[in-house]
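What follows is a set of notes on a single structure, which appears directly below.
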Amino acid sequence: MTTGGKKGERHHSRSTSRHREHRSAVVTAIAIAEEERQAKQLKALLRSSGDRLEYEIRRAEDAIARADYAERQEKETLARAKAAEVAKEQIQTELMQLERDSRNYQLELEKAQMETRRIQDDLEYARREIEELREAESQAQAMVQSYQKQLGDLELMMTAGVQRMVDKGYEDGWQDGFDEGYEDGRKREGVALE
């Protein structure tokens, strides 16, 4: 039982130092299962301690009854009376130890239950975060698709605009070349006439 308690304390200390650390759902589920297993062990120990406590109480009551009977009958020797008193004190000491152990088991059980609740809260927090991340990812994908469509439309518009500019430039160039050639031809023709 001592080893289990120390293990629980180390786990608790480690968990506290990493307060609200992101954990995977699998690790958190394993931790909950371990805490529940320890809680069941503590409950079993408490039941066992309670049975033993009742047994020791009955033993103590029997020892006291025997001591009273011996005193009433005055048939017991002083040595046996002292032995019974020693036995009574030992039983009371054991009883006190069992009561202390029972209180300790109860405290450990409460600590384990608190740790289980904390882990469950962490798990719920992690689930909410995962859900929020999935929602954000979905929104981001929708925005990317929208931007890609807009980019495609813009590329089509730009391609069409560039083609129109090329066509216009070609037509303007052809017309300017024609006009310039025509004027140049007229000038040369005028010089020839003179």
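Identifiers in this document derive from the order of the structure tokens: chains are assigned A, B, ..., residues are numbered from 1 separately in each chain, and ligands are numbered from 1 in order of occurrence.
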
Which residues are close to A:Ala29, i.e. within 12 Å by only C-alpha atoms, leaving aside same-chain residues fewer than 6 positions away? Reply as a list in words.
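Returned residues: Arg23, Glu35, Glu36, Thr116, Ile119, Gln120, Asp121, Asp122, Leu123, Glu124 and Ala126 of chain A.
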
Those same residues, written as a PDB file, in the first residue's frame with N, CA, C and O atoms?
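Contents of the output file selection.pdb:
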ATOM      1  N   ARG A  23      -2.450  16.864 -23.698  1.00  0.00           N
ATOM      2  CA  ARG A  23      -2.164  15.433 -23.731  1.00  0.00           C
ATOM      3  C   ARG A  23      -3.004  14.809 -24.822  1.00  0.00           C
ATOM      4  O   ARG A  23      -4.061  15.297 -25.159  1.00  0.00           O
ATOM      5  N   GLU A  35      -5.885   5.461 -12.425  1.00  0.00           N
ATOM      6  CA  GLU A  35      -6.441   6.085 -11.212  1.00  0.00           C
ATOM      7  C   GLU A  35      -7.649   5.296 -10.705  1.00  0.00           C
ATOM      8  O   GLU A  35      -7.818   5.104  -9.507  1.00  0.00           O
ATOM      9  N   GLU A  36      -8.486   4.832 -11.633  1.00  0.00           N
ATOM     10  CA  GLU A  36      -9.653   4.056 -11.226  1.00  0.00           C
ATOM     11  C   GLU A  36      -9.221   2.713 -10.615  1.00  0.00           C
ATOM     12  O   GLU A  36      -9.808   2.246  -9.636  1.00  0.00           O
ATOM     13  N   THR A 116      -8.560  11.891 -10.495  1.00  0.00           N
ATOM     14  CA  THR A 116      -9.371  11.367 -11.594  1.00  0.00           C
ATOM     15  C   THR A 116     -10.267  12.452 -12.170  1.00  0.00           C
ATOM     16  O   THR A 116     -10.377  12.598 -13.397  1.00  0.00           O
ATOM     17  N   ILE A 119      -8.142  14.838 -14.211  1.00  0.00           N
ATOM     18  CA  ILE A 119      -7.769  14.261 -15.505  1.00  0.00           C
ATOM     19  C   ILE A 119      -8.965  14.270 -16.456  1.00  0.00           C
ATOM     20  O   ILE A 119      -8.824  14.550 -17.647  1.00  0.00           O
ATOM     21  N   GLN A 120     -10.144  13.989 -15.917  1.00  0.00           N
ATOM     22  CA  GLN A 120     -11.345  14.030 -16.752  1.00  0.00           C
ATOM     23  C   GLN A 120     -11.605  15.451 -17.268  1.00  0.00           C
ATOM     24  O   GLN A 120     -11.997  15.637 -18.426  1.00  0.00           O
ATOM     25  N   ASP A 121     -11.368  16.444 -16.405  1.00  0.00           N
ATOM     26  CA  ASP A 121     -11.499  17.843 -16.843  1.00  0.00           C
ATOM     27  C   ASP A 121     -10.497  18.158 -17.945  1.00  0.00           C
ATOM     28  O   ASP A 121     -10.828  18.828 -18.936  1.00  0.00           O
ATOM     29  N   ASP A 122      -9.248  17.680 -17.774  1.00  0.00           N
ATOM     30  CA  ASP A 122      -8.216  17.904 -18.795  1.00  0.00           C
ATOM     31  C   ASP A 122      -8.620  17.247 -20.110  1.00  0.00           C
ATOM     32  O   ASP A 122      -8.420  17.811 -21.193  1.00  0.00           O
ATOM     33  N   LEU A 123      -9.173  16.048 -19.998  1.00  0.00           N
ATOM     34  CA  LEU A 123      -9.598  15.336 -21.201  1.00  0.00           C
ATOM     35  C   LEU A 123     -10.716  16.099 -21.912  1.00  0.00           C
ATOM     36  O   LEU A 123     -10.697  16.243 -23.139  1.00  0.00           O
ATOM     37  N   GLU A 124     -11.672  16.614 -21.154  1.00  0.00           N
ATOM     38  CA  GLU A 124     -12.769  17.380 -21.744  1.00  0.00           C
ATOM     39  C   GLU A 124     -12.236  18.655 -22.400  1.00  0.00           C
ATOM     40  O   GLU A 124     -12.666  19.035 -23.494  1.00  0.00           O
ATOM     41  N   ALA A 126      -9.209  19.051 -23.624  1.00  0.00           N
ATOM     42  CA  ALA A 126      -8.496  18.637 -24.841  1.00  0.00           C
ATOM     43  C   ALA A 126      -9.486  18.320 -25.958  1.00  0.00           C
ATOM     44  O   ALA A 126      -9.255  18.672 -27.122  1.00  0.00           O
TER      45      ALA A 126
END

Atom CA of A:Ala31 and atom CA of A:Lys43 are how many Å apart?
18.3 Å

Which residues of stretch 72-123 of chain A come within 9 Å of stretch 48-59 of chain A, and what is each one's closest atom pair and distance in Å (one decimal), counting only C-alpha atoms, sorted by chain and residue number, as a Markdown table?
| residue | atom | partner | partner_atom | distance |
| --- | --- | --- | --- | --- |
| A:Lys88 | CA | A:Arg59 | CA | 9.0 |
| A:Ile91 | CA | A:Glu56 | CA | 7.0 |
| A:Gln92 | CA | A:Glu56 | CA | 8.6 |
| A:Glu94 | CA | A:Glu56 | CA | 8.0 |
| A:Leu95 | CA | A:Glu56 | CA | 6.6 |
| A:Leu98 | CA | A:Leu53 | CA | 6.6 |
| A:Glu99 | CA | A:Leu53 | CA | 7.7 |
| A:Asp101 | CA | A:Ser49 | CA | 8.0 |
| A:Ser102 | CA | A:Ser49 | CA | 6.5 |

Can you write just those residues out, N, CA, C and O atoms, as a PDB file, in the first residue's frame?
ATOM      1  N   LYS A  88      -4.947  -6.649  26.394  1.00  0.00           N
ATOM      2  CA  LYS A  88      -5.905  -5.559  26.134  1.00  0.00           C
ATOM      3  C   LYS A  88      -5.200  -4.331  25.578  1.00  0.00           C
ATOM      4  O   LYS A  88      -5.664  -3.714  24.612  1.00  0.00           O
ATOM      5  N   ILE A  91      -4.134  -4.916  21.989  1.00  0.00           N
ATOM      6  CA  ILE A  91      -5.278  -4.844  21.089  1.00  0.00           C
ATOM      7  C   ILE A  91      -5.700  -3.395  20.865  1.00  0.00           C
ATOM      8  O   ILE A  91      -6.014  -2.978  19.739  1.00  0.00           O
ATOM      9  N   GLN A  92      -5.689  -2.600  21.936  1.00  0.00           N
ATOM     10  CA  GLN A  92      -6.045  -1.185  21.786  1.00  0.00           C
ATOM     11  C   GLN A  92      -5.036  -0.459  20.904  1.00  0.00           C
ATOM     12  O   GLN A  92      -5.410   0.394  20.091  1.00  0.00           O
ATOM     13  N   GLU A  94      -3.226  -1.864  18.510  1.00  0.00           N
ATOM     14  CA  GLU A  94      -3.513  -2.312  17.146  1.00  0.00           C
ATOM     15  C   GLU A  94      -4.760  -1.629  16.597  1.00  0.00           C
ATOM     16  O   GLU A  94      -4.820  -1.254  15.429  1.00  0.00           O
ATOM     17  N   LEU A  95      -5.758  -1.478  17.463  1.00  0.00           N
ATOM     18  CA  LEU A  95      -6.994  -0.820  17.066  1.00  0.00           C
ATOM     19  C   LEU A  95      -6.735   0.626  16.654  1.00  0.00           C
ATOM     20  O   LEU A  95      -7.232   1.101  15.624  1.00  0.00           O
ATOM     21  N   LEU A  98      -5.006   0.615  13.340  1.00  0.00           N
ATOM     22  CA  LEU A  98      -5.961   0.334  12.268  1.00  0.00           C
ATOM     23  C   LEU A  98      -6.833   1.544  11.952  1.00  0.00           C
ATOM     24  O   LEU A  98      -7.142   1.818  10.787  1.00  0.00           O
ATOM     25  N   GLU A  99      -7.215   2.278  12.975  1.00  0.00           N
ATOM     26  CA  GLU A  99      -8.010   3.487  12.749  1.00  0.00           C
ATOM     27  C   GLU A  99      -7.198   4.523  11.970  1.00  0.00           C
ATOM     28  O   GLU A  99      -7.717   5.192  11.063  1.00  0.00           O
ATOM     29  N   ASP A 101      -4.672   3.842   9.955  1.00  0.00           N
ATOM     30  CA  ASP A 101      -4.548   3.325   8.589  1.00  0.00           C
ATOM     31  C   ASP A 101      -5.815   3.568   7.787  1.00  0.00           C
ATOM     32  O   ASP A 101      -5.770   3.938   6.612  1.00  0.00           O
ATOM     33  N   SER A 102      -6.954   3.361   8.442  1.00  0.00           N
ATOM     34  CA  SER A 102      -8.234   3.576   7.762  1.00  0.00           C
ATOM     35  C   SER A 102      -8.390   5.027   7.332  1.00  0.00           C
ATOM     36  O   SER A 102      -8.833   5.318   6.215  1.00  0.00           O
TER      37      SER A 102
END
